[in-house]
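A short worksheet on the structure shown next.
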Amino acid sequence: ALNGELDTWEACAESLRESSLNDPFETDALIASAKMAKVFGISVGDGVVDAEEKEGKLRGAYEVVQYLRKAGYGQRPSVDDAVDAMRGDEKFRAKLTQFAKHGLDRHAEFFDAPLSEAEVLEGHSLIMRGLRGADSLWRRCVPDYDHTQWVVVRVGGARRRLAGDCGHDMDFLVTHPQICSYARLKPVLDAILVGLNAERSSVDYGSGQQDLPITNYGEHVGSVLAQNTPEELYNVPVIQQIRREITGTGSGWQHWDHLARHFGVFHTKAGKRRRRIDIVVSSHLEWPFALLSWTGGKVYNRLLRDYANKIGCSLSAHCLMTVPADASSPRLVPQETHPGTPVPRTEE
């Protein structure tokens, strides 16, 4: 597929079957899981599962496929098979997360027709309405707050890379140079949800606010209002987490990001149907890394992060950090490796 020679899952499967190193039975499971992953999560594996929902649930498309195969739905069960099982098998339904149930219940509505540009613009407008609706709060936080500096960019793979009417959900990445510090990500996300819920029936199927403890690291750190020195950044929870992961494994940080996010559904006026909307908020300092990660695609991100590992670094949706060959502490690039060095950037 990377060489441009295999452009379908079926072609990839046939190629794998020709290898003596591959089990055809497992190939079918992986192909079925990949096709079903959009319904069950951002990952073929764990997907999106609320902490209180993890116990006893099928986490991700692969576990769902394995359950359906044991239940007699064949080697490569489809989404229609999952819908059938959800309606007729109480045990299966009980094992589904709330997110998976919503995905199956509304599968046809979500995926029968690609998004139109009007629907995407409608989602963008609702996000801006929520952000601007909190202008008084932002002015209390930052007296010289500039409302024109909000950045709301459409991301999510194909829609950004190829443009046009492609994709079946809308993904937006949000930041502001003054407002979006590490400490203010949750208030920004909350303001967006107020705007989204003002006129729409929104279903939340996987919100998260940095699954990390909040500590006192300064209200402006991560925005342009802080110097973002190594001393200021040291206590930021996500940076501490990445540093611990690198120190513990001796390799690059491979986990999914901890950006503030909301995965939900809202009813569009333009399309007159429910659509998925994924909203991610990053601090201004994280923006280049978050934009790269959420633009994708997945294979490109994996190759790029693998390259970073090969040159002794760890690339994530948050930062670039060194992976020392000795026992020294990982360092942020360039804040700790080249202190005082400006980072050339635009919002693209």
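Chain labels run A, B, ... following the order of the structure tokens; each chain numbers its residues from 1, and ligands are numbered from 1 in the order shown.
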May I have a table of the residues of stretch 94-167 of chain A lying at most 12 Å from stretch 272-291 of chain A, giving each one's closest pair of atoms and their distance in Å to one decimal, counting only C-alpha atoms, ordered by chain and ascending residue number, as JSON lines?
```
{"residue": "A:Phe99", "atom": "CA", "partner": "A:Arg276", "partner_atom": "CA", "distance": 11.4}
{"residue": "A:His102", "atom": "CA", "partner": "A:Arg276", "partner_atom": "CA", "distance": 10.4}
{"residue": "A:Gly103", "atom": "CA", "partner": "A:Arg276", "partner_atom": "CA", "distance": 9.4}
{"residue": "A:Asp105", "atom": "CA", "partner": "A:Arg274", "partner_atom": "CA", "distance": 11.4}
{"residue": "A:Arg106", "atom": "CA", "partner": "A:Arg274", "partner_atom": "CA", "distance": 8.0}
{"residue": "A:His107", "atom": "CA", "partner": "A:Arg274", "partner_atom": "CA", "distance": 10.1}
{"residue": "A:Ala108", "atom": "CA", "partner": "A:Arg274", "partner_atom": "CA", "distance": 10.2}
{"residue": "A:Glu109", "atom": "CA", "partner": "A:Arg274", "partner_atom": "CA", "distance": 6.7}
{"residue": "A:Phe110", "atom": "CA", "partner": "A:Arg275", "partner_atom": "CA", "distance": 5.8}
{"residue": "A:Phe111", "atom": "CA", "partner": "A:Arg275", "partner_atom": "CA", "distance": 9.0}
{"residue": "A:Asp112", "atom": "CA", "partner": "A:Arg273", "partner_atom": "CA", "distance": 10.7}
{"residue": "A:Ala113", "atom": "CA", "partner": "A:Arg273", "partner_atom": "CA", "distance": 9.9}
{"residue": "A:Pro114", "atom": "CA", "partner": "A:Arg275", "partner_atom": "CA", "distance": 10.0}
{"residue": "A:Leu115", "atom": "CA", "partner": "A:Arg275", "partner_atom": "CA", "distance": 8.3}
{"residue": "A:Ser116", "atom": "CA", "partner": "A:Arg275", "partner_atom": "CA", "distance": 10.8}
{"residue": "A:Ala118", "atom": "CA", "partner": "A:Lys272", "partner_atom": "CA", "distance": 11.2}
{"residue": "A:Glu119", "atom": "CA", "partner": "A:Arg275", "partner_atom": "CA", "distance": 8.6}
{"residue": "A:Val120", "atom": "CA", "partner": "A:Ile277", "partner_atom": "CA", "distance": 9.2}
{"residue": "A:Leu121", "atom": "CA", "partner": "A:Ile277", "partner_atom": "CA", "distance": 11.9}
{"residue": "A:Glu122", "atom": "CA", "partner": "A:Ile277", "partner_atom": "CA", "distance": 11.0}
{"residue": "A:Gly123", "atom": "CA", "partner": "A:Ile277", "partner_atom": "CA", "distance": 7.6}
{"residue": "A:His124", "atom": "CA", "partner": "A:Ile277", "partner_atom": "CA", "distance": 10.0}
{"residue": "A:Leu126", "atom": "CA", "partner": "A:Ile277", "partner_atom": "CA", "distance": 11.1}
{"residue": "A:Ile127", "atom": "CA", "partner": "A:Ile279", "partner_atom": "CA", "distance": 8.8}
{"residue": "A:Met128", "atom": "CA", "partner": "A:Ile279", "partner_atom": "CA", "distance": 11.9}
{"residue": "A:Leu131", "atom": "CA", "partner": "A:Val281", "partner_atom": "CA", "distance": 11.6}
{"residue": "A:Gln149", "atom": "CA", "partner": "A:His284", "partner_atom": "CA", "distance": 11.2}
{"residue": "A:Trp150", "atom": "CA", "partner": "A:His284", "partner_atom": "CA", "distance": 10.6}
{"residue": "A:Val151", "atom": "CA", "partner": "A:His284", "partner_atom": "CA", "distance": 9.9}
{"residue": "A:Val152", "atom": "CA", "partner": "A:Val281", "partner_atom": "CA", "distance": 9.2}
{"residue": "A:Val153", "atom": "CA", "partner": "A:Leu291", "partner_atom": "CA", "distance": 8.7}
{"residue": "A:Arg154", "atom": "CA", "partner": "A:Ile279", "partner_atom": "CA", "distance": 9.5}
{"residue": "A:Val155", "atom": "CA", "partner": "A:Leu291", "partner_atom": "CA", "distance": 7.5}
{"residue": "A:Gly156", "atom": "CA", "partner": "A:Asp278", "partner_atom": "CA", "distance": 8.8}
{"residue": "A:Gly157", "atom": "CA", "partner": "A:Leu291", "partner_atom": "CA", "distance": 10.7}
{"residue": "A:Arg160", "atom": "CA", "partner": "A:Leu291", "partner_atom": "CA", "distance": 10.7}
{"residue": "A:Gly167", "atom": "CA", "partner": "A:Arg276", "partner_atom": "CA", "distance": 10.6}
```
Given the selection you just returned, output its residues as a file containing C-alpha atoms, formatted as a CSV table (one decimal), in the first residue's frame.
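And here's part25.csv as it stands now:
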```csv
chain,number,residue,atom,x,y,z
A,99,PHE,CA,-20.1,5.2,21.9
A,102,HIS,CA,-24.6,5.3,19.1
A,103,GLY,CA,-22.3,4.4,16.2
A,105,ASP,CA,-27.8,2.9,15.9
A,106,ARG,CA,-26.9,5.7,13.5
A,107,HIS,CA,-24.5,4.0,11.2
A,108,ALA,CA,-26.6,4.4,8.0
A,109,GLU,CA,-27.3,8.1,8.8
A,110,PHE,CA,-23.6,8.8,9.5
A,111,PHE,CA,-22.1,7.0,6.5
A,112,ASP,CA,-24.7,6.8,3.7
A,113,ALA,CA,-23.8,10.2,2.3
A,114,PRO,CA,-20.5,12.1,2.4
A,115,LEU,CA,-20.3,15.4,4.2
A,116,SER,CA,-21.1,18.6,2.2
A,118,ALA,CA,-22.2,23.5,3.9
A,119,GLU,CA,-22.3,21.0,6.8
A,120,VAL,CA,-18.7,21.6,7.6
A,121,LEU,CA,-19.1,25.3,7.6
A,122,GLU,CA,-22.1,25.0,9.8
A,123,GLY,CA,-20.0,23.0,12.4
A,124,HIS,CA,-17.3,25.7,12.1
A,126,LEU,CA,-21.2,26.8,15.9
A,127,ILE,CA,-17.7,26.4,17.3
A,128,MET,CA,-17.0,30.1,16.7
A,131,LEU,CA,-15.8,30.7,21.6
A,149,GLN,CA,-6.9,35.5,16.7
A,150,TRP,CA,-9.0,32.3,17.1
A,151,VAL,CA,-7.8,29.5,14.9
A,152,VAL,CA,-10.4,26.8,14.0
A,153,VAL,CA,-8.9,24.5,11.3
A,154,ARG,CA,-10.6,21.6,9.6
A,155,VAL,CA,-8.4,18.5,10.0
A,156,GLY,CA,-9.0,14.8,10.0
A,157,GLY,CA,-7.2,13.3,7.1
A,160,ARG,CA,-7.8,18.4,4.7
A,167,GLY,CA,-15.3,12.0,4.6
```
DSSP helix (DSSP H, G or I) residues within stretch 129-337 of chain A, listed as JSON, numbers by chain = {"A": [129, 130, 131, 132, 133, 135, 136, 137, 138, 139, 140, 141, 147, 148, 149, 158, 159, 160, 161, 182, 183, 184, 185, 186, 187, 188, 189, 190, 191, 192, 193, 194, 195, 196, 197, 230, 231, 232, 233, 237, 238, 239, 240, 241, 242, 243, 244, 245, 246, 247, 248, 249, 287, 288, 289, 290, 291, 292, 293, 294, 295, 298, 299, 300, 301, 302, 303, 304, 305, 306, 307, 308, 309, 310]}
Only C-alpha atoms, please: the residues just picked out, written as a PDB file, in the first residue's frame.
```pdb
ATOM      1  CA  ARG A 129     -20.303  31.004  18.279  1.00  0.00           C
ATOM      2  CA  GLY A 130     -19.317  29.190  21.462  1.00  0.00           C
ATOM      3  CA  LEU A 131     -15.848  30.749  21.556  1.00  0.00           C
ATOM      4  CA  ARG A 132     -17.128  34.289  20.951  1.00  0.00           C
ATOM      5  CA  GLY A 133     -19.960  33.751  23.424  1.00  0.00           C
ATOM      6  CA  ASP A 135     -15.561  36.797  25.163  1.00  0.00           C
ATOM      7  CA  SER A 136     -16.249  38.352  28.575  1.00  0.00           C
ATOM      8  CA  LEU A 137     -14.476  35.420  30.272  1.00  0.00           C
ATOM      9  CA  TRP A 138     -11.485  35.678  27.938  1.00  0.00           C
ATOM     10  CA  ARG A 139     -11.182  39.424  28.635  1.00  0.00           C
ATOM     11  CA  ARG A 140     -11.066  38.722  32.357  1.00  0.00           C
ATOM     12  CA  CYS A 141      -8.245  36.243  31.741  1.00  0.00           C
ATOM     13  CA  HIS A 147     -11.070  37.910  19.323  1.00  0.00           C
ATOM     14  CA  THR A 148      -9.766  37.840  15.726  1.00  0.00           C
ATOM     15  CA  GLN A 149      -6.938  35.469  16.688  1.00  0.00           C
ATOM     16  CA  ALA A 158      -8.907  13.168   3.750  1.00  0.00           C
ATOM     17  CA  ARG A 159     -10.968  16.328   4.112  1.00  0.00           C
ATOM     18  CA  ARG A 160      -7.829  18.367   4.739  1.00  0.00           C
ATOM     19  CA  ARG A 161      -5.421  16.545   2.438  1.00  0.00           C
ATOM     20  CA  TYR A 182      -2.281  24.485  29.139  1.00  0.00           C
ATOM     21  CA  ALA A 183      -4.387  25.641  32.100  1.00  0.00           C
ATOM     22  CA  ARG A 184      -7.241  27.039  29.966  1.00  0.00           C
ATOM     23  CA  LEU A 185      -7.911  24.126  27.598  1.00  0.00           C
ATOM     24  CA  LYS A 186     -10.948  22.901  29.544  1.00  0.00           C
ATOM     25  CA  PRO A 187     -12.681  26.321  29.697  1.00  0.00           C
ATOM     26  CA  VAL A 188     -12.158  26.672  25.939  1.00  0.00           C
ATOM     27  CA  LEU A 189     -13.640  23.242  25.255  1.00  0.00           C
ATOM     28  CA  ASP A 190     -16.545  23.955  27.616  1.00  0.00           C
ATOM     29  CA  ALA A 191     -17.305  27.213  25.774  1.00  0.00           C
ATOM     30  CA  ILE A 192     -17.369  25.376  22.452  1.00  0.00           C
ATOM     31  CA  LEU A 193     -19.833  22.822  23.798  1.00  0.00           C
ATOM     32  CA  VAL A 194     -22.143  25.605  24.993  1.00  0.00           C
ATOM     33  CA  GLY A 195     -22.265  26.877  21.416  1.00  0.00           C
ATOM     34  CA  LEU A 196     -22.740  23.395  19.999  1.00  0.00           C
ATOM     35  CA  ASN A 197     -25.599  22.610  22.371  1.00  0.00           C
ATOM     36  CA  PRO A 230      12.195  25.033  30.690  1.00  0.00           C
ATOM     37  CA  GLU A 231      11.396  26.019  34.287  1.00  0.00           C
ATOM     38  CA  GLU A 232       7.835  27.050  33.341  1.00  0.00           C
ATOM     39  CA  LEU A 233       7.218  23.940  31.256  1.00  0.00           C
ATOM     40  CA  PRO A 237       1.397  17.331  33.320  1.00  0.00           C
ATOM     41  CA  VAL A 238       1.505  16.093  29.736  1.00  0.00           C
ATOM     42  CA  ILE A 239       5.195  16.987  29.383  1.00  0.00           C
ATOM     43  CA  GLN A 240       5.935  15.207  32.642  1.00  0.00           C
ATOM     44  CA  GLN A 241       4.035  12.161  31.377  1.00  0.00           C
ATOM     45  CA  ILE A 242       5.948  12.027  28.087  1.00  0.00           C
ATOM     46  CA  ARG A 243       9.239  12.442  29.916  1.00  0.00           C
ATOM     47  CA  ARG A 244       8.367   9.550  32.260  1.00  0.00           C
ATOM     48  CA  GLU A 245       7.359   7.321  29.322  1.00  0.00           C
ATOM     49  CA  ILE A 246      10.625   7.973  27.512  1.00  0.00           C
ATOM     50  CA  THR A 247      12.686   7.415  30.656  1.00  0.00           C
ATOM     51  CA  GLY A 248      10.836   4.183  31.434  1.00  0.00           C
ATOM     52  CA  THR A 249      10.993   2.659  27.947  1.00  0.00           C
ATOM     53  CA  TRP A 287      -0.240  23.685  17.793  1.00  0.00           C
ATOM     54  CA  PRO A 288       2.324  22.614  15.119  1.00  0.00           C
ATOM     55  CA  PHE A 289       2.550  19.108  16.561  1.00  0.00           C
ATOM     56  CA  ALA A 290      -1.213  18.762  17.043  1.00  0.00           C
ATOM     57  CA  LEU A 291      -1.863  19.984  13.492  1.00  0.00           C
ATOM     58  CA  LEU A 292       0.599  17.485  12.046  1.00  0.00           C
ATOM     59  CA  SER A 293      -0.819  14.612  14.089  1.00  0.00           C
ATOM     60  CA  TRP A 294      -4.489  15.325  13.323  1.00  0.00           C
ATOM     61  CA  THR A 295      -3.889  15.948   9.622  1.00  0.00           C
ATOM     62  CA  LYS A 298      -2.073   7.357  10.254  1.00  0.00           C
ATOM     63  CA  VAL A 299       0.638   5.621   8.232  1.00  0.00           C
ATOM     64  CA  TYR A 300       2.407   8.925   7.577  1.00  0.00           C
ATOM     65  CA  ASN A 301       2.353   9.772  11.298  1.00  0.00           C
ATOM     66  CA  ARG A 302       3.725   6.352  12.203  1.00  0.00           C
ATOM     67  CA  LEU A 303       6.529   6.638   9.663  1.00  0.00           C
ATOM     68  CA  LEU A 304       7.383  10.159  10.814  1.00  0.00           C
ATOM     69  CA  ARG A 305       7.426   9.138  14.477  1.00  0.00           C
ATOM     70  CA  ASP A 306       9.529   6.104  13.609  1.00  0.00           C
ATOM     71  CA  TYR A 307      11.993   8.408  11.845  1.00  0.00           C
ATOM     72  CA  ALA A 308      12.099  10.633  14.939  1.00  0.00           C
ATOM     73  CA  ASN A 309      12.908   7.550  17.035  1.00  0.00           C
ATOM     74  CA  LYS A 310      15.748   6.630  14.681  1.00  0.00           C
TER      75      LYS A 310
END
```
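Every protein, DNA or RNA residue with an atom at most 8 Å from A:Ile179, where only C-alpha atoms count and chain neighbours fewer than 2 positions away do not, is listed here: Trp138, Cys141, Val142, Tyr145, Thr175, His176, Pro177, Ser181, Arg184, His220 and Ser223 of chain A.
The interatomic distance for the pair atom CA of A:Leu259 and atom CA of A:Gly296 works out to 15.6 Å.
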query = What separation in Å, quoted to one decimal, exists between atom CA of A:Tyr62 and atom CA of A:Ala32?
reply =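 Atom CA of A:Ala32 lies at a distance of 8.0 Å from atom CA of A:Tyr62.
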task = Using atom CA of A:His267 and atom CA of A:Ser78 as the two end points, give the distance in Å to one decimal.
result =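 Interatomic distance here is 26.1 Å.
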request  = Would you list, as a PyMOL selection string, the residues of stretch 79-299 of chain A that end up in strand (DSSP E or B) under DSSP run on this structure's backbone?
outcome  = chain A and resi 151-155+169-175+203-204+208+260-268+273-281
ask   = What's the 7 Å shell around A:Lys95, counting only C-alpha atoms, without same-chain residues fewer than 6 positions away, as a list in words?
value =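 The filter keeps Gly56, Lys57 and Leu58 of chain A.
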Filtering to C-alpha atoms, could you give me those residues as a CSV table (one decimal), in the first residue's frame?
```csv
chain,number,residue,atom,x,y,z
A,56,GLY,CA,-16.4,-5.9,30.8
A,57,LYS,CA,-16.7,-3.9,27.6
A,58,LEU,CA,-15.6,-4.7,24.0
```
